[in-house]
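Report on the structure given below.
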Amino acid sequence: MAALILPDAPWRARPELAQLCVVLGGDQGDSRFVGGAVRDTLLGLPVNDIDIATRLAPTEVLDRLRAAHIKAIPTGIAHGTITALLPGGHVEVTTLRRDISTDGRHATVAFTDDWREDAARRDFTINALYADPSTGEIFDYFGGQDDLARHIVRFIGDPLQRIAEDHLRILRFFRFLARFGDILDVSDTTGLVACTARANDLMALSRERIADELLKLLCAHNAPAVLPVMLANAILLPVLPELQNTARLARVAALEGEAGIAPDPIRRLAALLPDDPKTGEVIGARLKMSIAQRRRLAVALDAGVLPPPRALAYRLGLVGATDRLLLHGAAETVPALLGQIVDWEVPRLPIGGGVLVERGIGRGPDVARTLRVIEDQWVEEDFPGEPRFALIVDAAVDQALRSIRK
């Protein structure tokens with residue numbers, strides 16, 4: 001049977017990548033492309049991240065890169081990983097490994113020169129594909145090519161054991177299922193049974209790791225179909241019991257597609273939560289999100305009356321307004337409402353307090369109060385320009401001066 005050859009792809013034509021592979025002995029069988037770059041190229045998908053597996057020891061990798069004047073950073077040298085900084089992007093180079101011990105969060109590894117040993121410690125068959133950089137020949141030790149063709153996400157070895165080694169594999173299973181799998185067959189897989197049995201293991205992980213994996217999952221194409229499976233099997237119950245609203249997630253995803261808006265993980269996370277800003281703040285804090293992300297969750301989950309789209313965008317910003325409309329607007333009107341702000345540049349109030357002081361309003365609270373009156377009327381009238389704005393200012397100033405004189 002003829003060997004399967006990796007298809008041509010733009011990333012493979014990068015001259016600096018070819019040089020790196022020669023430096024690492026790719027033409028002598030010492031190094032191979034591995035993982036996502038191979039998998040996604042076989043599927044005809046764009047490739048962003050390139051990883052190389054090598055039989056060379058980490059110190060030798062460093063020595064070779066430096067001798068070739070390729071900038072290198074020992075990002076994870078204890079685990080065999082060196083990052084090569086190339087003009088077209090970073091490439092991670094990792095020495096072949098086998099696990100000595102694991103505790104569900106960290107692994108102690110030993111280096112090896114056995115390609116199959118290295119493949120055996122990877123999570124899923126579709127991620128354990130290697131390609132010779134010179135010939136493009138594919139090396140597949142566990143049937144990953146067949147699983148790709150059949151849209152199956154399958155653990156290498158015993159799923160229960162693999163999850164015990166690294167608990168994050170529970171969420172990775174569903175993320176890859178949402179990206180590559182056939183959701184119609186998921187209930188028959190041993191992987192789902194294992195993830196369900198070990199769901200409590202997620203409690204041992206840092207919330208940062210959970211957040212990183214979950215947000216990636218939420219942006220995957222099939223996320224609206226995968227999340228109901230996760231919730232039905234109580235996968236997230238130990239760490240995020242508040243996530244429930246899968247129907248709204250599906251609705252938001254459909255509206256994003258209809259409006260031509262890219263999937264957004266924070267918005268989709270908000271869609272799964274109850275309409276309670278405090279809950280958004282709590283979840284954001286639990287997942288160790290940034291202050292801005294926590295605030296965004298809280299703002300998105302305010303289910304109050306929706307003002308007109310441009311007024312909403314002025315008050316909340318374009319992102320906040322888009323979140324609010326997608327989560328709370330009537331489905332049949334959302335695309336048209338979003339169309340009013342998609343290319344709109346949010347204006348600034350065309351007046352400052354100094355102008356009001358010049359017109360006789362004392363500095364301090366009176367100026368601030370008058371500016372709010374002007375701003376509220378300007379927004380309510382949909383941001384008119386001159387001469388209408390001048391009339392709004394005149395009316396507010398007259399009212400303020402009458403109030404001050406009383």
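Each chain of the structure tokens is named A, B, ... in the order shown, its residues numbered from 1; ligands are numbered from 1 in display order.
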Q | strand (DSSP E or B) residues, from DSSP on the backbone, in segment 23-159 of chain A, as a PyMOL selection string | A | chain A and resi 31-34+50-54+72-76+81-86+89-95+97-102+104+107-111+124+129-131+137-140+155
Dump C-alpha atoms for the selected residues as a PDB file, in the first residue's frame?
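The result, stored in selection_20.pdb:
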ATOM      1  CA  SER A  31      12.503  15.502  12.977  1.00  0.00           C
ATOM      2  CA  ARG A  32       8.897  15.489  11.755  1.00  0.00           C
ATOM      3  CA  PHE A  33       5.906  17.807  11.691  1.00  0.00           C
ATOM      4  CA  VAL A  34       3.319  16.677  14.221  1.00  0.00           C
ATOM      5  CA  ILE A  50       3.389  24.487  13.548  1.00  0.00           C
ATOM      6  CA  ASP A  51       4.944  21.902  15.846  1.00  0.00           C
ATOM      7  CA  ILE A  52       7.959  19.731  15.201  1.00  0.00           C
ATOM      8  CA  ALA A  53       8.810  16.540  17.080  1.00  0.00           C
ATOM      9  CA  THR A  54      12.445  15.491  17.122  1.00  0.00           C
ATOM     10  CA  ALA A  72      15.554  30.133  20.138  1.00  0.00           C
ATOM     11  CA  ILE A  73      13.834  30.348  23.512  1.00  0.00           C
ATOM     12  CA  PRO A  74      13.877  27.399  25.957  1.00  0.00           C
ATOM     13  CA  THR A  75      10.180  27.834  26.741  1.00  0.00           C
ATOM     14  CA  GLY A  76       9.753  24.412  28.321  1.00  0.00           C
ATOM     15  CA  THR A  81      10.269  22.173  24.239  1.00  0.00           C
ATOM     16  CA  ILE A  82      12.262  24.874  22.456  1.00  0.00           C
ATOM     17  CA  THR A  83      10.581  27.710  20.550  1.00  0.00           C
ATOM     18  CA  ALA A  84      12.249  28.706  17.285  1.00  0.00           C
ATOM     19  CA  LEU A  85      11.492  32.318  16.364  1.00  0.00           C
ATOM     20  CA  LEU A  86      11.159  32.481  12.589  1.00  0.00           C
ATOM     21  CA  GLY A  89       5.966  32.833  13.017  1.00  0.00           C
ATOM     22  CA  HIS A  90       7.074  30.745  15.963  1.00  0.00           C
ATOM     23  CA  VAL A  91       7.614  26.986  15.725  1.00  0.00           C
ATOM     24  CA  GLU A  92       7.687  24.756  18.797  1.00  0.00           C
ATOM     25  CA  VAL A  93      10.269  21.986  18.674  1.00  0.00           C
ATOM     26  CA  THR A  94       9.831  19.200  21.225  1.00  0.00           C
ATOM     27  CA  THR A  95      11.980  16.168  21.882  1.00  0.00           C
ATOM     28  CA  ARG A  97       8.882  11.911  25.222  1.00  0.00           C
ATOM     29  CA  ARG A  98       7.299   9.212  27.322  1.00  0.00           C
ATOM     30  CA  ASP A  99       5.532   9.729  30.631  1.00  0.00           C
ATOM     31  CA  ILE A 100       7.184   8.560  33.832  1.00  0.00           C
ATOM     32  CA  SER A 101       4.461   9.755  36.216  1.00  0.00           C
ATOM     33  CA  THR A 102       1.333  11.916  36.051  1.00  0.00           C
ATOM     34  CA  GLY A 104      -3.833  14.730  36.377  1.00  0.00           C
ATOM     35  CA  ALA A 107       3.630  15.019  34.074  1.00  0.00           C
ATOM     36  CA  THR A 108       7.173  13.883  34.681  1.00  0.00           C
ATOM     37  CA  VAL A 109       8.660  12.833  31.354  1.00  0.00           C
ATOM     38  CA  ALA A 110      11.701  11.070  29.998  1.00  0.00           C
ATOM     39  CA  PHE A 111      13.090  11.649  26.535  1.00  0.00           C
ATOM     40  CA  PHE A 124      -6.346  11.638  20.545  1.00  0.00           C
ATOM     41  CA  LEU A 129      -0.114  12.233  13.102  1.00  0.00           C
ATOM     42  CA  TYR A 130       3.454  12.925  11.951  1.00  0.00           C
ATOM     43  CA  ALA A 131       4.805  13.978   8.558  1.00  0.00           C
ATOM     44  CA  GLU A 137       5.140  10.907   4.175  1.00  0.00           C
ATOM     45  CA  ILE A 138       2.525  10.500   6.919  1.00  0.00           C
ATOM     46  CA  PHE A 139       3.246   8.358   9.970  1.00  0.00           C
ATOM     47  CA  ASP A 140       0.084   7.198  11.740  1.00  0.00           C
ATOM     48  CA  PHE A 155      -8.608   8.613  22.817  1.00  0.00           C
TER      49      PHE A 155
END
Q) What lies within 10 Å of Lys278 of chain A using only C-alpha atoms, ignoring chain neighbours under 4 positions off, as JSON, numbers by chain? A) {"A": [274, 282, 283, 284, 294, 295, 297, 298, 299, 301, 302]}
Q: Considering only C-alpha atoms, return as a ChimeraX atom specification whatever protein or nucleic-acid residues lie within 8 Å of Ile152 of chain A, sequence-local ones (same chain, fewer than 6 positions apart) excluded.
A: /A:177,180-182
Q: Have a look at A:Gly88, A:Gly36, A:Thr59, A:Thr322 and name the one nearest to Ile261 of chain A; count only C-alpha atoms.
A: A:Thr322
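Between Ala300 of chain A and the residues A:Arg348, A:Arg363, A:Arg175, A:Arg268, the shortest atom-to-atom distance, using only C-alpha atoms, involves A:Arg268.
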Q: For atom CA of Ala250 of chain A and atom CA of Met230 of chain A, determine how far apart the two atoms are, in Å to one decimal place.
A: 14.2 Å
Q.
So that I can check the secondary structure, give me every residue of segment 5-241 of chain A assigned helix (DSSP H, G or I) by backbone DSSP, as a ChimeraX atom specification.
A. /A:10-13,15-23,26-28,36-42,58-67,77-79,115-120,125-127,144-149,159-165,169-180,183-188,190-197,199-204,207-218,223-232
